[in-house]
Amino acid sequence: MTWTVILALGSGTLQEGFPLVTAKLKNQARPINIQFKGSLLPVPDLEVLQRRWKVCCSGFQSSRSNSRIKIKPTSTAYVSENNPRAIYEGLKEEMQKWLNADEFYRKIEVNLRTQIGNTSEYIQIFLECDDSEICELPWDAWNFREAYCNSEIISSPSEYRILPQQETQAGIYLPSRGRILCVLGNSKGIDVKKDTKSIAQSLGDRCQLEFLDNPTPEEFNDHLFDEKGWQIFFFAGHSDSDNNATNGRLHINQNPANNTITVNDFKIGVKRASFKGLQLLIFNSCSSLGLAADLVSQNYSLPSIIVMRAPIPDPIAHDFVKSLFRYLADGEPLFLAMRKAKDDLLHWESRFPGASGIPVLCQHPNFEELTLPRRDATKPLISAADGVSNRPNHPQFTIPTKVMQRTSISLAVLAIGYILIGPIVASVANKIGMKNHKKGQLFIAEKYYQLANLLNLNYAASYYNLADLYESLNEKEYAEKAMKEAARRGSTEANAEISRSLILNNQPQEALKFVAACLENTQYDGVKAACFKNRGWVRLTQKQYDAAEADLRIAIKFRDDSPEAQCLLAEVLETKGKSQEALEAWNKALQYSNYRIPKQDECIQIAQQRLQAKGNIK
């Protein structure tokens, strides 16, 4: 199930801010179509930091031969900064500060987190903006993207339409399906052959790959205009663009003359190839985001485009291509393959700050999902007759037909009775168990819960109640086993309890799995509150304080009287230096806690200590 978020910035600039930001949330599998409104404040320093970081990238590359950038004599690429890491960290911090401002965070991000509880959900986030300089900002630093591991931010124009394609009959795929054109352009100082090896290794067994090495403009156009068409166009080599429409160029060979193709000329071929089924353009060349801006300048719909928003070292470009095509070969959706390939670049961050955020996916929300041919099955199907003649001749015995018929009928009646009556009787047994449980007659309650389990093998409630009974008897092993059985049968309450237990046992990653299962399936606000609280607790232990605060506030929104959520929120707020808000949370924790409940008595003790230290209680 995939969620779609269209984050439209509207009109504005970094100097003036964006007064009307909208976030539309859709889910085709559910009747959900919601819109939130917020704003982004002016942040002129962000533009300055962005430019300094790009200068760092160019300066970092200019002294190396293995870079995919065509440096112009008048370019500022020869300028270098002393501390690229500090500049990028400053840029990232300023970006996060901008997106954490109240009018955006509270009105948009918190609402998105509330609607999409499960952090494992697939989420496409379309950043709708026509200013390529805004798209170049490090949007990957957004805390929402970090929290949702299967989300990716996609650059999108504000105007788009579906480009008509060549018609097919009876759902037959276009001839272009599975055809990939790989153009290897001017590779002076870089090794583009590694890219071709990665593509062949991932898709060579199922796709028709054609490699065009250092073509002339005529050869380039002849192949692009191929009658069968292409599903993917891949370019590796040097390119340049100054972000002004029609000025971009692909350096397609190393000849003294006739060695480039302008983006303006390239558009004609792309439009025709799109009609024949072209779905994806990949420019594995430096600063190619300007090329994407050039391509969309005439305002007609294009295939999905993958570009680079800054100069990229050759080894990082190789790693990206290798990962991207491996995930596409595994059948991942394009946006998720993009996210995973970028995550694979994180190990480069210590040597090249911001490396994982350089690749960018550009796409309009009405795109047709990229579907590559599947790998052919290697094992032959076995027919019903296969192997029969090779069976050993074991001694056989026969049963009279009438005996078999009577036995079958009796078993069928018993099975039908069990299926129809079992769940009803199990519910009655569970209720009797609950009555005895409340009276303190635990032995009788235990037997009725166990009877309910036998009568309905898929009954989660009786297992959950049995776990609660064993917990009150301090029989931890039995309680844990019964709670897992309840979770296995779909009890969201059990998932919440198990996640809490795992957090207490210092197993945060395992806890998150049960939290995800809980949020994905529950419809009850109380259970949602418990699960968001537990996820906020995990984020607190991981020192992800912004994410922890967001989850805990959502938990409190569902259930304001949760003392544990208030306690945890107070700890987060203290850590973040929000003393006054922390005091309010401690007071609420003290107000709602019940000392008779051991779990909440601990919260009371902590709240009292904090408030006494602050002088708010004696």
# chains A, B, ... in the order shown; residues from 1 in each chain; ligands from 1
>>> residues_around(residues="segment 16-23 of chain A", least_positions_apart="6", cutoff="6 Å", atoms="only C-alpha atoms", output="ChimeraX atom specification")
/A:6-10,35-42
>>> residues_around(residues="segment 324-341 of chain A", least_positions_apart="2", cutoff="7 Å", atoms="only C-alpha atoms", output="number ranges by chain")
A: 124, 150, 152, 199, 202-203, 320-322, 343-345, 370
>>> write_last_selection(atoms="N, CA and C atoms", output="PDB file, in the first residue's frame")
ATOM      1  N   GLN A 124       5.315   8.250  -1.323  1.00  0.00           N
ATOM      2  CA  GLN A 124       5.887   9.118  -2.350  1.00  0.00           C
ATOM      3  C   GLN A 124       5.563  10.558  -1.988  1.00  0.00           C
ATOM      4  N   ASN A 150      10.672   4.134   4.242  1.00  0.00           N
ATOM      5  CA  ASN A 150      10.294   3.781   2.870  1.00  0.00           C
ATOM      6  C   ASN A 150       9.660   4.957   2.133  1.00  0.00           C
ATOM      7  N   GLU A 152      10.297   8.713  -0.044  1.00  0.00           N
ATOM      8  CA  GLU A 152      11.280   9.438  -0.857  1.00  0.00           C
ATOM      9  C   GLU A 152      10.646  10.732  -1.369  1.00  0.00           C
ATOM     10  N   ILE A 199      24.762  -2.391 -14.927  1.00  0.00           N
ATOM     11  CA  ILE A 199      23.451  -2.527 -15.567  1.00  0.00           C
ATOM     12  C   ILE A 199      23.299  -3.914 -16.177  1.00  0.00           C
ATOM     13  N   SER A 202      22.709  -6.596 -13.513  1.00  0.00           N
ATOM     14  CA  SER A 202      21.389  -6.587 -12.885  1.00  0.00           C
ATOM     15  C   SER A 202      20.265  -6.971 -13.838  1.00  0.00           C
ATOM     16  N   LEU A 203      20.344  -6.507 -15.097  1.00  0.00           N
ATOM     17  CA  LEU A 203      19.209  -6.668 -16.007  1.00  0.00           C
ATOM     18  C   LEU A 203      19.539  -7.373 -17.316  1.00  0.00           C
ATOM     19  N   PHE A 320      25.999   4.388  -6.947  1.00  0.00           N
ATOM     20  CA  PHE A 320      24.584   4.716  -7.089  1.00  0.00           C
ATOM     21  C   PHE A 320      23.940   3.892  -8.207  1.00  0.00           C
ATOM     22  N   VAL A 321      24.586   3.849  -9.368  1.00  0.00           N
ATOM     23  CA  VAL A 321      24.041   3.090 -10.499  1.00  0.00           C
ATOM     24  C   VAL A 321      23.916   1.606 -10.143  1.00  0.00           C
ATOM     25  N   LYS A 322      24.934   1.075  -9.516  1.00  0.00           N
ATOM     26  CA  LYS A 322      24.920  -0.343  -9.144  1.00  0.00           C
ATOM     27  C   LYS A 322      23.743  -0.663  -8.227  1.00  0.00           C
ATOM     28  N   ASP A 343      20.335   5.563   0.229  1.00  0.00           N
ATOM     29  CA  ASP A 343      20.755   5.121   1.565  1.00  0.00           C
ATOM     30  C   ASP A 343      22.062   4.331   1.502  1.00  0.00           C
ATOM     31  N   ASP A 344      22.267   3.611   0.408  1.00  0.00           N
ATOM     32  CA  ASP A 344      23.515   2.863   0.251  1.00  0.00           C
ATOM     33  C   ASP A 344      24.735   3.776   0.123  1.00  0.00           C
ATOM     34  N   LEU A 345      24.483   5.051  -0.186  1.00  0.00           N
ATOM     35  CA  LEU A 345      25.597   6.005  -0.328  1.00  0.00           C
ATOM     36  C   LEU A 345      25.964   6.670   0.998  1.00  0.00           C
ATOM     37  N   LEU A 370       6.944   2.369 -13.422  1.00  0.00           N
ATOM     38  CA  LEU A 370       7.928   1.627 -14.212  1.00  0.00           C
ATOM     39  C   LEU A 370       7.855   0.144 -13.855  1.00  0.00           C
TER      40      LEU A 370
END
>>> select_by_dssp(residues="segment 85-134 of chain A", states="alpha helix (DSSP H)", output="PyMOL selection string")
chain A and resi 85-99+102-104+110-115+132-134
>>> write_last_selection(atoms="N, CA and C atoms", output="PDB file, in the first residue's frame")
ATOM      1  N   ARG A  85      32.730  19.845   5.411  1.00  0.00           N
ATOM      2  CA  ARG A  85      31.833  19.160   6.339  1.00  0.00           C
ATOM      3  C   ARG A  85      31.071  20.156   7.204  1.00  0.00           C
ATOM      4  N   ALA A  86      31.767  21.162   7.718  1.00  0.00           N
ATOM      5  CA  ALA A  86      31.104  22.154   8.566  1.00  0.00           C
ATOM      6  C   ALA A  86      30.046  22.920   7.770  1.00  0.00           C
ATOM      7  N   ILE A  87      30.363  23.214   6.506  1.00  0.00           N
ATOM      8  CA  ILE A  87      29.414  23.953   5.667  1.00  0.00           C
ATOM      9  C   ILE A  87      28.166  23.111   5.404  1.00  0.00           C
ATOM     10  N   TYR A  88      28.367  21.816   5.089  1.00  0.00           N
ATOM     11  CA  TYR A  88      27.206  20.972   4.814  1.00  0.00           C
ATOM     12  C   TYR A  88      26.373  20.753   6.081  1.00  0.00           C
ATOM     13  N   GLU A  89      27.040  20.531   7.219  1.00  0.00           N
ATOM     14  CA  GLU A  89      26.293  20.348   8.462  1.00  0.00           C
ATOM     15  C   GLU A  89      25.496  21.602   8.801  1.00  0.00           C
ATOM     16  N   GLY A  90      26.100  22.786   8.539  1.00  0.00           N
ATOM     17  CA  GLY A  90      25.373  24.035   8.763  1.00  0.00           C
ATOM     18  C   GLY A  90      24.168  24.155   7.848  1.00  0.00           C
ATOM     19  N   LEU A  91      24.345  23.740   6.579  1.00  0.00           N
ATOM     20  CA  LEU A  91      23.240  23.758   5.620  1.00  0.00           C
ATOM     21  C   LEU A  91      22.125  22.815   6.058  1.00  0.00           C
ATOM     22  N   LYS A  92      22.495  21.618   6.462  1.00  0.00           N
ATOM     23  CA  LYS A  92      21.508  20.624   6.893  1.00  0.00           C
ATOM     24  C   LYS A  92      20.765  21.095   8.145  1.00  0.00           C
ATOM     25  N   GLU A  93      21.503  21.659   9.094  1.00  0.00           N
ATOM     26  CA  GLU A  93      20.893  22.143  10.327  1.00  0.00           C
ATOM     27  C   GLU A  93      19.921  23.293  10.048  1.00  0.00           C
ATOM     28  N   GLU A  94      20.307  24.199   9.152  1.00  0.00           N
ATOM     29  CA  GLU A  94      19.437  25.321   8.808  1.00  0.00           C
ATOM     30  C   GLU A  94      18.175  24.826   8.098  1.00  0.00           C
ATOM     31  N   MET A  95      18.329  23.789   7.249  1.00  0.00           N
ATOM     32  CA  MET A  95      17.185  23.204   6.550  1.00  0.00           C
ATOM     33  C   MET A  95      16.204  22.585   7.545  1.00  0.00           C
ATOM     34  N   GLN A  96      16.730  21.830   8.502  1.00  0.00           N
ATOM     35  CA  GLN A  96      15.871  21.199   9.501  1.00  0.00           C
ATOM     36  C   GLN A  96      15.184  22.250  10.375  1.00  0.00           C
ATOM     37  N   LYS A  97      15.906  23.294  10.723  1.00  0.00           N
ATOM     38  CA  LYS A  97      15.327  24.372  11.518  1.00  0.00           C
ATOM     39  C   LYS A  97      14.173  25.034  10.757  1.00  0.00           C
ATOM     40  N   TRP A  98      14.351  25.221   9.468  1.00  0.00           N
ATOM     41  CA  TRP A  98      13.314  25.826   8.622  1.00  0.00           C
ATOM     42  C   TRP A  98      12.059  24.969   8.606  1.00  0.00           C
ATOM     43  N   LEU A  99      12.250  23.647   8.437  1.00  0.00           N
ATOM     44  CA  LEU A  99      11.110  22.738   8.343  1.00  0.00           C
ATOM     45  C   LEU A  99      10.505  22.406   9.702  1.00  0.00           C
ATOM     46  N   ASP A 102       7.084  26.195  13.571  1.00  0.00           N
ATOM     47  CA  ASP A 102       5.766  25.768  14.045  1.00  0.00           C
ATOM     48  C   ASP A 102       4.704  25.719  12.951  1.00  0.00           C
ATOM     49  N   GLU A 103       4.656  26.729  12.090  1.00  0.00           N
ATOM     50  CA  GLU A 103       3.595  26.812  11.091  1.00  0.00           C
ATOM     51  C   GLU A 103       3.682  25.700  10.045  1.00  0.00           C
ATOM     52  N   PHE A 104       4.837  25.117   9.879  1.00  0.00           N
ATOM     53  CA  PHE A 104       4.973  23.979   8.965  1.00  0.00           C
ATOM     54  C   PHE A 104       4.913  22.667   9.734  1.00  0.00           C
ATOM     55  N   VAL A 110       2.977  17.160  11.621  1.00  0.00           N
ATOM     56  CA  VAL A 110       2.279  16.411  12.672  1.00  0.00           C
ATOM     57  C   VAL A 110       1.015  15.758  12.123  1.00  0.00           C
ATOM     58  N   ASN A 111       0.295  16.462  11.265  1.00  0.00           N
ATOM     59  CA  ASN A 111      -0.909  15.879  10.667  1.00  0.00           C
ATOM     60  C   ASN A 111      -0.574  14.690   9.768  1.00  0.00           C
ATOM     61  N   LEU A 112       0.519  14.781   9.021  1.00  0.00           N
ATOM     62  CA  LEU A 112       0.931  13.650   8.192  1.00  0.00           C
ATOM     63  C   LEU A 112       1.298  12.447   9.056  1.00  0.00           C
ATOM     64  N   ARG A 113       2.034  12.706  10.137  1.00  0.00           N
ATOM     65  CA  ARG A 113       2.422  11.610  11.032  1.00  0.00           C
ATOM     66  C   ARG A 113       1.198  10.973  11.683  1.00  0.00           C
ATOM     67  N   THR A 114       0.193  11.789  11.988  1.00  0.00           N
ATOM     68  CA  THR A 114      -1.017  11.257  12.606  1.00  0.00           C
ATOM     69  C   THR A 114      -1.768  10.345  11.641  1.00  0.00           C
ATOM     70  N   GLN A 115      -1.882  10.762  10.409  1.00  0.00           N
ATOM     71  CA  GLN A 115      -2.603   9.969   9.406  1.00  0.00           C
ATOM     72  C   GLN A 115      -1.835   8.715   8.998  1.00  0.00           C
ATOM     73  N   SER A 132      14.158  25.547  -9.625  1.00  0.00           N
ATOM     74  CA  SER A 132      15.143  24.471  -9.497  1.00  0.00           C
ATOM     75  C   SER A 132      16.097  24.700  -8.327  1.00  0.00           C
ATOM     76  N   GLU A 133      16.321  25.964  -7.947  1.00  0.00           N
ATOM     77  CA  GLU A 133      17.206  26.237  -6.818  1.00  0.00           C
ATOM     78  C   GLU A 133      16.586  25.763  -5.502  1.00  0.00           C
ATOM     79  N   ILE A 134      15.258  25.835  -5.403  1.00  0.00           N
ATOM     80  CA  ILE A 134      14.580  25.305  -4.210  1.00  0.00           C
ATOM     81  C   ILE A 134      14.680  23.782  -4.195  1.00  0.00           C
TER      82      ILE A 134
END
>>> atom_distance(atom1="atom CA of Val192 of chain A", atom2="atom CA of Lys342 of chain A")
19.2 Å
>>> atom_distance(atom1="atom CA of Glu368 of chain A", atom2="atom CA of Ser274 of chain A")
11.5 Å
>>> atom_distance(atom1="atom CA of Tyr448 of chain A", atom2="atom CA of Glu493 of chain A")
20.6 Å
>>> closest_residue(among="A:Ile316, A:Ile232, A:Cys362, A:Ala585", to="Lys276 of chain A", atoms="only C-alpha atoms")
A:Ile232
>>> select_by_dssp(residues="segment 120-368 of chain A", states="strand (DSSP E)", output="PyMOL selection string")
chain A and resi 122-128+151-156+179-184+208-213+232-236+238-240+249-251+260-262+280-284+304-308+359-362
>>> write_last_selection(atoms="N, CA and C atoms", output="compact mmCIF listing (two decimals), in the first residue's frame")
# COMPACT_ATOMS: atom_id res chain seq x y z
N TYR A 122 4.93 2.72 2.52
CA TYR A 122 5.54 3.28 1.32
C TYR A 122 4.92 4.68 1.08
N ILE A 123 5.77 5.69 0.95
CA ILE A 123 5.27 7.06 0.79
C ILE A 123 6.03 7.78 -0.30
N GLN A 124 5.32 8.25 -1.32
CA GLN A 124 5.89 9.12 -2.35
C GLN A 124 5.56 10.56 -1.99
N ILE A 125 6.59 11.38 -1.82
CA ILE A 125 6.38 12.78 -1.45
C ILE A 125 6.77 13.64 -2.64
N PHE A 126 5.78 14.19 -3.32
CA PHE A 126 6.05 15.03 -4.49
C PHE A 126 6.23 16.48 -4.04
N LEU A 127 7.43 16.98 -4.21
CA LEU A 127 7.73 18.38 -3.88
C LEU A 127 7.41 19.22 -5.10
N GLU A 128 6.26 19.87 -5.06
CA GLU A 128 5.76 20.61 -6.22
C GLU A 128 6.31 22.03 -6.19
N SER A 151 10.07 6.15 2.50
CA SER A 151 9.57 7.35 1.82
C SER A 151 10.68 7.97 0.98
N GLU A 152 10.30 8.71 -0.04
CA GLU A 152 11.28 9.44 -0.86
C GLU A 152 10.65 10.73 -1.37
N ILE A 153 11.47 11.77 -1.39
CA ILE A 153 11.02 13.08 -1.87
C ILE A 153 11.32 13.18 -3.36
N ILE A 154 10.30 13.52 -4.14
CA ILE A 154 10.38 13.54 -5.59
C ILE A 154 10.11 14.96 -6.07
N SER A 155 11.01 15.49 -6.86
CA SER A 155 10.81 16.83 -7.40
C SER A 155 9.77 16.79 -8.51
N SER A 156 8.83 17.75 -8.47
CA SER A 156 7.73 17.74 -9.44
C SER A 156 7.41 19.16 -9.88
N ARG A 179 13.59 -2.56 -23.09
CA ARG A 179 14.67 -2.08 -23.94
C ARG A 179 15.34 -0.88 -23.27
N ILE A 180 16.65 -0.95 -23.09
CA ILE A 180 17.40 0.09 -22.39
C ILE A 180 18.52 0.59 -23.29
N LEU A 181 18.53 1.89 -23.56
CA LEU A 181 19.59 2.51 -24.36
C LEU A 181 20.57 3.18 -23.41
N CYS A 182 21.81 2.73 -23.43
CA CYS A 182 22.86 3.27 -22.57
C CYS A 182 23.86 4.04 -23.43
N VAL A 183 23.88 5.34 -23.28
CA VAL A 183 24.80 6.18 -24.04
C VAL A 183 26.00 6.52 -23.16
N LEU A 184 27.18 6.16 -23.63
CA LEU A 184 28.42 6.45 -22.92
C LEU A 184 29.09 7.61 -23.64
N GLN A 208 16.74 -6.03 -23.04
CA GLN A 208 17.58 -5.83 -24.23
C GLN A 208 18.38 -4.56 -24.02
N LEU A 209 19.66 -4.71 -23.81
CA LEU A 209 20.54 -3.58 -23.53
C LEU A 209 21.31 -3.22 -24.80
N GLU A 210 21.35 -1.93 -25.09
CA GLU A 210 22.16 -1.47 -26.22
C GLU A 210 23.07 -0.35 -25.74
N PHE A 211 24.38 -0.53 -25.95
CA PHE A 211 25.36 0.43 -25.49
C PHE A 211 25.91 1.22 -26.67
N LEU A 212 25.81 2.53 -26.54
CA LEU A 212 26.26 3.44 -27.60
C LEU A 212 27.45 4.22 -27.05
N ASP A 213 28.65 3.88 -27.54
CA ASP A 213 29.88 4.43 -26.98
C ASP A 213 30.40 5.58 -27.86
N ILE A 232 13.98 2.71 -21.01
CA ILE A 232 14.89 3.50 -20.17
C ILE A 232 15.99 4.08 -21.05
N PHE A 233 16.29 5.35 -20.85
CA PHE A 233 17.45 5.99 -21.49
C PHE A 233 18.44 6.33 -20.37
N PHE A 234 19.68 5.85 -20.54
CA PHE A 234 20.72 6.07 -19.53
C PHE A 234 21.90 6.79 -20.18
N PHE A 235 22.33 7.88 -19.53
CA PHE A 235 23.50 8.61 -20.03
C PHE A 235 24.55 8.69 -18.94
N ALA A 236 25.78 8.34 -19.27
CA ALA A 236 26.91 8.47 -18.36
C ALA A 236 28.02 9.24 -19.07
N HIS A 238 30.04 13.41 -19.19
CA HIS A 238 30.04 14.81 -18.75
C HIS A 238 28.81 15.53 -19.30
N SER A 239 28.35 16.51 -18.56
CA SER A 239 27.26 17.37 -19.01
C SER A 239 27.44 18.72 -18.34
N ASP A 240 26.73 19.71 -18.82
CA ASP A 240 26.74 21.00 -18.14
C ASP A 240 25.42 21.71 -18.41
N ARG A 249 23.73 20.89 -22.05
CA ARG A 249 24.36 20.09 -23.10
C ARG A 249 24.83 18.75 -22.54
N LEU A 250 24.72 17.74 -23.39
CA LEU A 250 25.31 16.44 -23.10
C LEU A 250 26.56 16.31 -23.96
N HIS A 251 27.68 16.00 -23.33
CA HIS A 251 28.94 15.82 -24.06
C HIS A 251 29.03 14.34 -24.45
N THR A 260 28.62 17.48 -28.89
CA THR A 260 27.57 17.71 -27.89
C THR A 260 26.18 17.63 -28.51
N ILE A 261 25.21 17.42 -27.65
CA ILE A 261 23.79 17.50 -28.01
C ILE A 261 23.14 18.49 -27.04
N THR A 262 22.49 19.50 -27.58
CA THR A 262 21.80 20.45 -26.70
C THR A 262 20.51 19.83 -26.19
N LEU A 280 11.71 6.30 -18.30
CA LEU A 280 12.72 6.78 -17.35
C LEU A 280 13.96 7.28 -18.08
N LEU A 281 14.38 8.50 -17.71
CA LEU A 281 15.64 9.09 -18.17
C LEU A 281 16.59 9.14 -16.98
N ILE A 282 17.82 8.68 -17.16
CA ILE A 282 18.82 8.75 -16.09
C ILE A 282 20.04 9.48 -16.62
N PHE A 283 20.38 10.58 -15.96
CA PHE A 283 21.59 11.33 -16.31
C PHE A 283 22.59 11.16 -15.17
N ASN A 284 23.48 10.22 -15.33
CA ASN A 284 24.50 9.99 -14.30
C ASN A 284 25.69 10.89 -14.60
N SER A 304 9.79 9.92 -16.08
CA SER A 304 10.53 10.14 -14.84
C SER A 304 11.99 10.42 -15.19
N ILE A 305 12.64 11.28 -14.41
CA ILE A 305 14.02 11.67 -14.68
C ILE A 305 14.83 11.55 -13.39
N ILE A 306 16.00 10.94 -13.48
CA ILE A 306 16.93 10.90 -12.36
C ILE A 306 18.15 11.74 -12.73
N VAL A 307 18.45 12.72 -11.89
CA VAL A 307 19.54 13.65 -12.17
C VAL A 307 20.37 13.84 -10.90
N MET A 308 21.45 14.61 -11.02
CA MET A 308 22.31 14.93 -9.89
C MET A 308 22.24 16.44 -9.61
N PRO A 359 21.73 12.45 -5.76
CA PRO A 359 20.76 11.98 -6.77
C PRO A 359 19.35 12.47 -6.45
N VAL A 360 18.62 12.87 -7.48
CA VAL A 360 17.26 13.40 -7.32
C VAL A 360 16.35 12.74 -8.35
N LEU A 361 15.17 12.33 -7.91
CA LEU A 361 14.14 11.80 -8.81
C LEU A 361 13.15 12.90 -9.13
N CYS A 362 12.94 13.18 -10.41
CA CYS A 362 11.97 14.17 -10.87
C CYS A 362 10.83 13.44 -11.57
